[in-house]
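Trainee: What follows is a single structure, and I will ask about it in a moment.
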Amino acid sequence: MNTAPECDPATLPETESGHIRPEWIDYNGHMNVAYYVLAFDQGTDYFLATLGLDADYLCEGGSTFALEMHVTYERELRLNDPYVVRTQLVDADTKRLHLFHRMFHAEEGWLAATNEVITMHIDMVTRRSAPFPATIQSIVDHSLVQHTAYPRPEGLGRVIGIRHKLPAASNPHFTA
């Protein structure tokens with residue numbers, strides 16, 4: 001693993017930033033889960049545009065669809081808190097991109113949330129998966145090489161579940 005300062009996750013591309021808006025606050029007094037996903041999705045859109053998958057590309061008949069997403073909430077963001085999203089391309093092939101976003105408090109630097117997402121390249125005429133055009137694939141490949149210099153994100157591939165202290169067979173809440 002490369003631990004050089006330039007490979008610190010805090011130096012990953014900034015793909016979204018702003019302040020937590022009043023309409024994003026829920027009845028618990030913190031940012032509602034839907035708006036974390038909105039901010040991460042805006043980060044995805046920005047990152048995709050850096051690969052050439054932008055509004056012009058959509059007009060040409062190509063796009064991406066999200067296949068799977070996982071969000072973790074590490075620490076509360078509250079009204080007017082500044083945030084920044086940084087994005088890492090962790091894997092790619094001829095049709096898919098595997099992204100890992102980290103949302104930080106923009107001034108204090110602590111991790112607020114993460115978002116892992118896999119997108120699929122789509123031919124919008126057929127609405128089916130399709131390989132990236134060669135020009136896009138070249139940019140994706142170059143970006144992937146750059147991003148492999150960063151450490152694998154902590155929590156990448158995390159599985160959701162309740163961790164029981166008792167073995168499953170002796171847990172009264174476990175049903176097979």
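Lettering and numbering for the structure tokens are positional, with chains as A, B, ... in the shown order, residues counted from 1 in each chain, and ligands counted from 1 in the shown order.
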Please provide the set of residues having any atom within 8 Å of Arg152 of chain A, restricted to only C-alpha atoms, with same-chain residues fewer than 4 positions apart removed, written as a PDB file with C-alpha atoms, in the first residue's frame.

Mentor:
```pdb
ATOM      1  CA  VAL A  90     -11.910   1.619  -6.766  1.00  0.00           C
ATOM      2  CA  THR A 148      -5.089   2.691  -7.238  1.00  0.00           C
ATOM      3  CA  LEU A 156     -15.240  -1.116   1.139  1.00  0.00           C
TER       4      LEU A 156
END
```

Trainee: Taking 3 positions as the minimum chain separation for residues in the same chain, which residues sit within 10 Å of Met124 of chain A when counting only C-alpha atoms? Answer as a list of chain:residue names.

Mentor: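 Contacts, with the query itself left out: A:Leu58, A:Cys59, A:Glu60, A:Gly61, A:Gly62, A:Ser63, A:Thr64, A:His121, A:Arg127, A:Arg128, A:Ser129, A:Ala130.
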
Trainee: Restricting the calculation to only C-alpha atoms: of A:Thr50, A:Gln88, A:Thr126, A:Gln137, which residue gets closest to Ala149 of chain A?

Mentor: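 That would be A:Gln88, the residue with the smallest distance to Ala149 of chain A.
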
Trainee: Using DSSP on the backbone coordinates, identify the residues of chain A assigned to alpha helix (DSSP H); present them as an MDAnalysis selection string.

Mentor: chainID A and resid 33:50 55:59 134:147

Trainee: May I have the selected residues written with C-alpha atoms, as a tab-separated table (two decimals), in the first residue's frame?

Mentor:
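Contents of again_30.tsv, as written:
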```
chain	number	residue	atom	x	y	z
A	33	VAL	CA	-30.67	10.21	5.07
A	34	ALA	CA	-32.22	11.14	1.71
A	35	TYR	CA	-30.03	14.22	1.44
A	36	TYR	CA	-26.85	12.29	2.11
A	37	VAL	CA	-27.77	10.20	-0.93
A	38	LEU	CA	-28.55	13.39	-2.89
A	39	ALA	CA	-25.14	14.89	-2.07
A	40	PHE	CA	-23.38	11.61	-2.93
A	41	ASP	CA	-25.35	11.37	-6.19
A	42	GLN	CA	-24.27	14.89	-7.12
A	43	GLY	CA	-20.70	13.78	-6.37
A	44	THR	CA	-21.20	10.80	-8.67
A	45	ASP	CA	-22.48	13.05	-11.45
A	46	TYR	CA	-19.48	15.36	-11.11
A	47	PHE	CA	-17.03	12.45	-11.11
A	48	LEU	CA	-18.71	10.85	-14.13
A	49	ALA	CA	-18.38	14.14	-15.98
A	50	THR	CA	-14.60	14.05	-15.39
A	55	ALA	CA	-24.71	16.07	-20.18
A	56	ASP	CA	-23.33	16.18	-23.74
A	57	TYR	CA	-22.66	12.45	-23.58
A	58	LEU	CA	-26.25	11.87	-22.44
A	59	CYS	CA	-27.44	13.79	-25.51
A	134	ALA	CA	-13.07	3.54	-26.57
A	135	THR	CA	-12.49	7.23	-25.74
A	136	ILE	CA	-14.35	6.90	-22.42
A	137	GLN	CA	-12.70	3.54	-21.64
A	138	SER	CA	-9.30	5.13	-22.07
A	139	ILE	CA	-10.16	7.88	-19.57
A	140	VAL	CA	-11.63	5.33	-17.14
A	141	ASP	CA	-8.49	3.17	-17.37
A	142	HIS	CA	-6.22	6.17	-16.78
A	143	SER	CA	-8.30	7.31	-13.80
A	144	LEU	CA	-8.30	3.81	-12.32
A	145	VAL	CA	-4.50	3.68	-12.46
A	146	GLN	CA	-4.31	7.05	-10.69
A	147	HIS	CA	-6.80	6.01	-8.01
```

Trainee: Under the rule that only C-alpha atoms are counted, which of A:Gly155, A:Thr15, A:His70, A:Ile118 is the nearest residue to Asp91 of chain A?

Mentor: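 Under the stated criterion, the closest residue is A:Ile118.
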
Trainee: For the structure I just gave you, how does DSSP split segment 30-166 of chain A - specifically, which residues are strand (DSSP E or B)? Reply as a PyMOL selection string.

Mentor: chain A and resi 31+62-73+82-92+96-105+111-123+128-129

Trainee: Between A:Thr94, A:Thr72, A:Thr119, A:Thr87, which is the closest to Val159 of chain A once you count only C-alpha atoms?

Mentor: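 Nearest to Val159 of chain A: A:Thr72.
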
Trainee: With distances taken over only C-alpha atoms, which residue among A:His105, A:His164, A:His98, A:Arg158 lies nearest Val85 of chain A?

Mentor: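 Nearest to Val85 of chain A: A:His105.
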
Trainee: Go through segment 62-122 of chain A and flag each residue having an atom no more than 7 Å from segment 19-29 of chain A; for those, report the closest pair of atoms plus their distance in Å to one decimal, using only C-alpha atoms, ordered by chain and rising number, as CSV.

Mentor:
```
residue,atom,partner,partner_atom,distance
A:Arg78,CA,A:Ile20,CA,6.5
A:Leu79,CA,A:Ile20,CA,5.2
A:Asn80,CA,A:Ile20,CA,4.6
A:Asp81,CA,A:His19,CA,5.3
A:Pro82,CA,A:His19,CA,4.2
A:Tyr83,CA,A:His19,CA,6.0
```

Trainee: Save out the residues we just selected, C-alpha atoms, as a tab-separated table (two decimals), in the first residue's frame.

Mentor:
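The file below, selection_37.tsv, is the result:
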```
chain	number	residue	atom	x	y	z
A	78	ARG	CA	-26.37	19.51	11.30
A	79	LEU	CA	-27.84	22.72	9.95
A	80	ASN	CA	-25.31	24.94	8.14
A	81	ASP	CA	-22.43	22.48	8.63
A	82	PRO	CA	-20.04	22.68	5.66
A	83	TYR	CA	-19.38	19.39	3.89
```

Trainee: Between A:Pro153, A:Gly52, A:Gly161, A:Pro133, which one has atoms that come closest to Leu89 of chain A, using only C-alpha atoms?

Mentor: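 The answer is A:Pro153, which sits nearest to Leu89 of chain A.
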
Trainee: Compare A:His30, A:Val84, A:Ser17, A:Asp54 by their minimum atom-to-atom distance to Trp110 of chain A, counting only C-alpha atoms, and give me the closest one.

Mentor: A:Val84

Trainee: Quick one: distance from atom CA of Glu76 of chain A to atom CA of Leu97 of chain A in Å, one decimal?

Mentor: 28.2 Å
